[in-house]
>>> print(open('coords.txt').read())   # compact mmCIF, C-alpha atoms and all ligand atoms
# COMPACT_ATOMS: atom_id res chain seq x y z
CA MET A 1 -35.63 -35.66 -34.29
CA THR A 2 -33.60 -34.11 -31.44
CA GLN A 3 -31.69 -36.82 -29.64
CA LYS A 4 -32.21 -37.11 -25.89
CA ILE A 5 -29.58 -38.61 -23.65
CA LEU A 6 -30.23 -41.32 -21.07
CA ILE A 7 -27.52 -42.70 -18.80
CA PHE A 8 -27.44 -46.51 -18.80
CA GLY A 9 -25.68 -47.22 -15.50
CA THR A 10 -23.53 -50.12 -16.60
CA SER A 11 -19.92 -50.61 -17.58
CA ASN A 12 -20.76 -53.79 -19.50
CA ARG A 13 -20.06 -52.77 -23.11
CA LYS A 14 -22.06 -55.72 -24.48
CA LYS A 15 -25.21 -54.73 -22.59
CA VAL A 16 -24.97 -51.27 -24.15
CA GLU A 17 -24.26 -52.61 -27.64
CA GLU A 18 -27.30 -54.89 -27.43
CA THR A 19 -29.72 -52.09 -26.50
CA SER A 20 -28.43 -48.84 -28.09
CA ASP A 21 -30.08 -49.40 -31.47
CA LEU A 22 -33.49 -49.95 -29.89
CA PHE A 23 -33.31 -46.66 -27.96
CA ALA A 24 -31.91 -44.76 -30.97
CA LYS A 25 -35.12 -45.58 -32.85
CA ILE A 26 -37.10 -43.37 -30.46
CA GLY A 27 -34.48 -40.63 -30.41
CA ILE A 28 -32.65 -41.61 -27.22
CA THR A 29 -28.86 -41.89 -27.14
CA LEU A 30 -27.66 -44.19 -24.37
CA LYS A 31 -24.53 -43.10 -22.51
CA SER A 32 -22.86 -45.69 -20.32
CA LEU A 33 -20.42 -45.53 -17.43
CA ALA A 34 -17.66 -45.65 -20.05
CA ASP A 35 -18.73 -42.03 -20.79
CA PHE A 36 -18.86 -41.12 -17.08
CA PRO A 37 -15.83 -42.70 -15.44
CA GLN A 38 -16.45 -40.74 -12.23
CA GLY A 39 -19.49 -42.96 -11.53
CA ILE A 40 -20.08 -44.78 -8.26
CA GLU A 41 -19.78 -48.46 -7.38
CA VAL A 42 -23.18 -49.87 -6.36
CA VAL A 43 -23.15 -52.90 -4.05
CA GLU A 44 -25.45 -55.52 -5.58
CA ASP A 45 -26.84 -56.99 -2.38
CA GLY A 46 -30.52 -57.22 -3.35
CA ALA A 47 -32.40 -60.52 -3.08
CA SER A 48 -33.76 -60.42 -6.64
CA PHE A 49 -33.02 -59.08 -10.12
CA ALA A 50 -35.69 -56.44 -9.49
CA GLU A 51 -34.12 -55.25 -6.23
CA ASN A 52 -30.64 -55.05 -7.73
CA ALA A 53 -31.81 -53.19 -10.84
CA ALA A 54 -33.77 -50.68 -8.72
CA LYS A 55 -30.80 -50.17 -6.38
CA LYS A 56 -28.39 -49.56 -9.25
CA ALA A 57 -30.80 -47.12 -10.93
CA SER A 58 -31.69 -45.18 -7.74
CA GLU A 59 -28.19 -44.78 -6.33
CA GLN A 60 -26.76 -43.70 -9.66
CA ALA A 61 -29.64 -41.31 -10.43
CA ALA A 62 -29.05 -39.63 -7.06
CA PHE A 63 -25.33 -39.41 -7.79
CA PHE A 64 -25.66 -38.05 -11.35
CA ARG A 65 -28.73 -35.89 -10.45
CA THR A 66 -30.49 -37.06 -13.57
CA PRO A 67 -32.63 -40.11 -14.42
CA VAL A 68 -30.61 -43.31 -14.82
CA MET A 69 -31.59 -46.63 -16.35
CA ALA A 70 -30.00 -49.77 -14.90
CA GLU A 71 -30.46 -53.46 -15.42
CA ASP A 72 -29.72 -56.66 -13.55
CA SER A 73 -29.66 -59.90 -15.45
CA GLY A 74 -28.60 -63.50 -15.17
CA LEU A 75 -29.07 -67.14 -16.01
CA VAL A 76 -31.58 -69.36 -14.17
CA VAL A 77 -30.90 -73.09 -14.56
CA ASP A 78 -33.74 -75.44 -13.58
CA ALA A 79 -31.54 -78.42 -12.65
CA LEU A 80 -29.57 -76.14 -10.28
CA ASN A 81 -32.70 -74.87 -8.51
CA GLY A 82 -32.39 -71.49 -10.20
CA ALA A 83 -28.63 -70.98 -9.77
CA PRO A 84 -26.59 -69.03 -10.69
CA GLY A 85 -29.47 -66.48 -10.83
CA ILE A 86 -28.55 -63.12 -9.34
CA TYR A 87 -25.03 -64.48 -8.75
CA SER A 88 -24.44 -65.16 -12.45
CA SER A 89 -21.49 -62.80 -12.89
CA ARG A 90 -19.67 -64.16 -9.80
CA PHE A 91 -20.79 -67.82 -10.04
CA SER A 92 -17.22 -69.13 -9.85
CA GLY A 93 -15.99 -66.63 -7.23
CA GLU A 94 -14.93 -63.01 -6.78
CA ASN A 95 -12.42 -63.10 -9.66
CA ALA A 96 -14.75 -64.97 -11.98
CA THR A 97 -14.43 -64.67 -15.74
CA ASP A 98 -16.92 -65.78 -18.39
CA ALA A 99 -14.64 -68.79 -19.04
CA SER A 100 -14.48 -69.84 -15.36
CA ASN A 101 -18.25 -69.38 -14.95
CA ASN A 102 -18.94 -71.48 -18.05
CA ALA A 103 -16.54 -74.19 -16.88
CA LEU A 104 -18.24 -74.37 -13.48
CA LEU A 105 -21.68 -74.52 -15.09
CA LEU A 106 -20.62 -77.46 -17.29
CA GLU A 107 -19.11 -79.20 -14.28
CA LYS A 108 -22.26 -78.83 -12.18
CA LEU A 109 -24.41 -80.14 -15.05
CA SER A 110 -22.05 -82.94 -16.04
CA ASN A 111 -24.49 -85.69 -15.00
CA VAL A 112 -27.63 -83.91 -16.17
CA PRO A 113 -29.22 -85.27 -19.38
CA LEU A 114 -30.25 -83.00 -22.26
CA GLU A 115 -33.96 -82.92 -21.45
CA GLN A 116 -33.23 -81.65 -17.94
CA ARG A 117 -30.83 -78.89 -19.02
CA THR A 118 -33.56 -76.25 -19.42
CA ALA A 119 -32.73 -72.68 -18.40
CA HIS A 120 -33.76 -69.11 -19.00
CA TYR A 121 -32.15 -65.71 -18.95
CA VAL A 122 -33.81 -62.90 -17.00
CA CYS A 123 -33.28 -59.16 -17.45
CA HIS A 124 -34.88 -56.61 -15.16
CA ILE A 125 -34.61 -52.94 -16.18
CA ALA A 126 -35.41 -49.97 -13.94
CA ILE A 127 -35.33 -46.21 -14.53
CA ALA A 128 -35.01 -44.03 -11.43
CA ALA A 129 -35.38 -40.31 -10.81
CA PRO A 130 -32.70 -38.39 -8.86
CA SER A 131 -34.96 -38.66 -5.77
CA GLY A 132 -34.51 -42.43 -5.97
CA LYS A 133 -38.10 -42.99 -7.07
CA ILE A 134 -38.53 -45.78 -9.64
CA LEU A 135 -40.22 -44.30 -12.71
CA ALA A 136 -40.46 -47.47 -14.78
CA GLU A 137 -39.47 -51.11 -14.52
CA THR A 138 -39.83 -54.08 -16.83
CA GLU A 139 -38.65 -57.67 -17.07
CA GLY A 140 -37.85 -59.88 -20.03
CA ILE A 141 -37.02 -63.56 -20.22
CA CYS A 142 -35.57 -65.82 -22.89
CA ARG A 143 -35.84 -69.62 -22.67
CA GLY A 144 -33.29 -72.16 -23.80
CA ARG A 145 -31.11 -74.99 -22.60
CA ILE A 146 -27.50 -75.54 -21.64
CA ARG A 147 -25.29 -77.34 -24.16
CA PHE A 148 -22.66 -79.92 -23.20
CA GLU A 149 -19.94 -77.89 -24.93
CA PRO A 150 -19.53 -74.22 -25.83
CA ASP A 151 -20.21 -73.14 -29.42
CA GLY A 152 -19.42 -69.73 -30.92
CA ASN A 153 -17.94 -66.44 -29.70
CA ALA A 154 -20.80 -64.00 -30.15
CA GLY A 155 -22.46 -62.28 -27.18
CA PHE A 156 -20.90 -62.64 -23.74
CA GLY A 157 -21.23 -64.54 -20.46
CA TYR A 158 -23.01 -67.87 -20.82
CA ASP A 159 -23.97 -67.29 -24.49
CA PRO A 160 -21.69 -70.00 -25.97
CA LEU A 161 -23.52 -72.58 -23.79
CA PHE A 162 -27.05 -71.18 -24.05
CA GLU A 163 -28.98 -72.82 -26.88
CA VAL A 164 -32.13 -71.26 -28.23
CA VAL A 165 -33.96 -74.51 -28.93
CA GLU A 166 -36.13 -73.17 -31.79
CA TYR A 167 -33.01 -72.14 -33.74
CA HIS A 168 -30.80 -75.13 -32.79
CA GLN A 169 -28.04 -72.60 -32.13
CA THR A 170 -26.37 -70.98 -29.14
CA PHE A 171 -26.36 -67.22 -28.64
CA GLY A 172 -22.61 -67.65 -29.14
CA ARG A 173 -23.29 -68.82 -32.69
CA LEU A 174 -26.41 -66.84 -33.66
CA ALA A 175 -25.94 -63.46 -35.38
CA PRO A 176 -26.15 -60.50 -32.97
CA ILE A 177 -29.29 -59.32 -34.76
CA MET A 178 -31.00 -62.58 -33.80
CA LYS A 179 -30.07 -62.12 -30.16
CA GLN A 180 -31.40 -58.58 -30.41
CA ALA A 181 -34.72 -59.92 -31.71
CA ILE A 182 -35.42 -62.44 -28.95
CA SER A 183 -33.20 -61.86 -25.93
CA HIS A 184 -34.32 -61.20 -22.37
CA ARG A 185 -32.58 -57.79 -22.54
CA SER A 186 -34.31 -56.72 -25.76
CA ARG A 187 -37.66 -57.85 -24.43
CA ALA A 188 -37.25 -55.81 -21.26
CA ALA A 189 -35.89 -52.85 -23.27
CA ARG A 190 -38.80 -52.85 -25.73
CA GLN A 191 -41.26 -52.64 -22.82
CA ILE A 192 -39.29 -49.65 -21.49
CA LEU A 193 -39.50 -48.04 -24.94
CA GLN A 194 -43.27 -48.44 -24.88
CA ILE A 195 -43.44 -46.68 -21.50
CA LEU A 196 -41.20 -43.86 -22.74
CA SER A 197 -43.14 -43.53 -26.00
CA GLY A 198 -46.35 -43.53 -23.96
CA GLY A 199 -45.36 -40.28 -22.33
CA LEU A 200 -43.01 -40.94 -19.40
CA SER A 201 -40.88 -37.82 -19.33
CA LEU A 202 -37.23 -37.90 -18.40
CA ASP A 203 -37.07 -34.09 -18.33
CA LYS A 204 -36.99 -32.17 -15.05
CA THR A 205 -37.89 -35.33 -13.15
CA ALA A 206 -37.45 -34.80 -9.42
P1 LIG B 301 -24.99 -58.22 -13.74
O1 LIG B 301 -24.01 -57.42 -14.55
O2 LIG B 301 -24.78 -58.16 -12.27
O3 LIG B 301 -26.41 -57.92 -14.16
O4 LIG B 301 -24.72 -59.75 -14.12
C1 LIG B 301 -24.99 -60.19 -15.39
C2 LIG B 301 -24.38 -61.59 -15.55
O5 LIG B 301 -25.42 -62.49 -15.97
C3 LIG B 301 -23.35 -61.61 -16.66
O6 LIG B 301 -22.06 -61.41 -16.15
C4 LIG B 301 -23.52 -63.00 -17.24
O7 LIG B 301 -22.83 -63.93 -16.47
C5 LIG B 301 -25.01 -63.25 -17.08
N1 LIG B 301 -25.77 -62.73 -18.24
C6 LIG B 301 -26.73 -61.76 -18.23
N2 LIG B 301 -27.18 -61.53 -19.47
C7 LIG B 301 -26.50 -62.33 -20.27
C8 LIG B 301 -26.51 -62.52 -21.69
O8 LIG B 301 -27.22 -61.85 -22.44
N3 LIG B 301 -25.67 -63.45 -22.14
C9 LIG B 301 -24.86 -64.19 -21.35
N4 LIG B 301 -24.77 -64.03 -20.04
C10 LIG B 301 -25.60 -63.11 -19.49
>>> encode(input="coords.txt", output="structure tokens")
Amino acid sequence: MTQKILIFGTSNRKKVEETSDLFAKIGITLKSLADFPQGIEVVEDGASFAENAAKKASEQAAFFRTPVMAEDSGLVVDALNGAPGIYSSRFSGENATDASNNALLLEKLSNVPLEQRTAHYVCHIAIAAPSGKILAETEGICRGRIRFEPDGNAGFGYDPLFEVVEYHQTFGRLAPIMKQAISHRSRAARQILQILSGGLSLDKTA
């Protein structure tokens, strides 16, 4: 099988690690912004995961003059009326780290009992043509709840606090292959694979 290349417009190494295997199975090698350091900075000022994913895909596809896949993802916590949502990466401010975001999340939920700590991850993926036109978009979600203390170092972001209730484990503790089976990102990616396998061409797309 000849490998095709698709640019995944992200510099988040974990996002690429979690999806590369899935794309490899249909003969697509994902290249990330780590492979194209000349890439552009896209301002994420959309009002939804869908808007941000589409904006990242369109602006980068225009810049690279080739189709680009992009994703926007985050954590939606019911007791916080959906926060941090699209602000997940900068929940604790401009210089936020995973540790500072997790600390703020625990603080905000400090008086919330277990049964009200429900949450879900969302991942919206879009592929755009160089014209800016969106060729495909999908969304995946993964439900869980927020622990009182972090557990494990696997994954990234809120994973040490995010418990998948059916497995009694956080994504921080579960093996990466388990996250790949059930995560919001994998679910969105598998829908994209179906669209690509169903005939969406990434060649000579205007
Ligand atoms: P984005 O890079 O603007 O899409 O923001 C993604 C942010 O959402 C990350 O920085 C994390 O805070 C959170 N997030 C999204 N997906 C995951 C995941 O799979 N695990 C943990 N945190 C995630």
>>> closest_residue(input="coords.txt", among="A:Asn81, A:Thr138, A:Ser88, A:Ser20", to="Leu104 (chain A)", atoms="only C-alpha atoms")
A:Ser88
>>> residues_near_ligand(input="coords.txt", ligand="ligand LIG 301 (chain B)", cutoff="8 Å", atoms="all atoms listed in the file", output="PyMOL selection string")
chain A and resi 10+12+15+44+49+53+71-75+85-91+98+101+121-123+155-159+162+171+183-185
>>> atom_distance(input="coords.txt", atom1="CA of Pro150 (chain A)", atom2="CA of Met178 (chain A)")
18.2 Å
>>> residues_around(input="coords.txt", residues="Leu193 (chain A)", least_positions_apart="4", cutoff="12 Å", atoms="only C-alpha atoms", output="number ranges by chain")
A: 19-28, 69, 125-127, 136-138, 186-189, 197-201
>>> atom_distance(input="coords.txt", atom1="CA of Ile146 (chain A)", atom2="CA of Glu163 (chain A)")
6.1 Å
>>> atom_distance(input="coords.txt", atom1="CA of Asn111 (chain A)", atom2="CA of Ala99 (chain A)")
20.0 Å
>>> closest_residue(input="coords.txt", among="A:Gly172, A:Gly140, A:Gly152, A:Gly132", to="Phe63 (chain A)", atoms="all atoms listed in the file")
A:Gly132
>>> closest_residue(input="coords.txt", among="A:Ala175, A:Val42, A:Lys4, A:Cys142", to="Glu59 (chain A)", atoms="all atoms listed in the file")
A:Val42
>>> closest_residue(input="coords.txt", among="A:Arg117, A:Arg143, A:Lys108, A:Lys55", to="Ser92 (chain A)", atoms="only C-alpha atoms")
A:Lys108
>>> closest_residue(input="coords.txt", among="A:Ala57, A:Ala181, A:Ala96, A:Leu109", to="Lys133 (chain A)", atoms="only C-alpha atoms")
A:Ala57
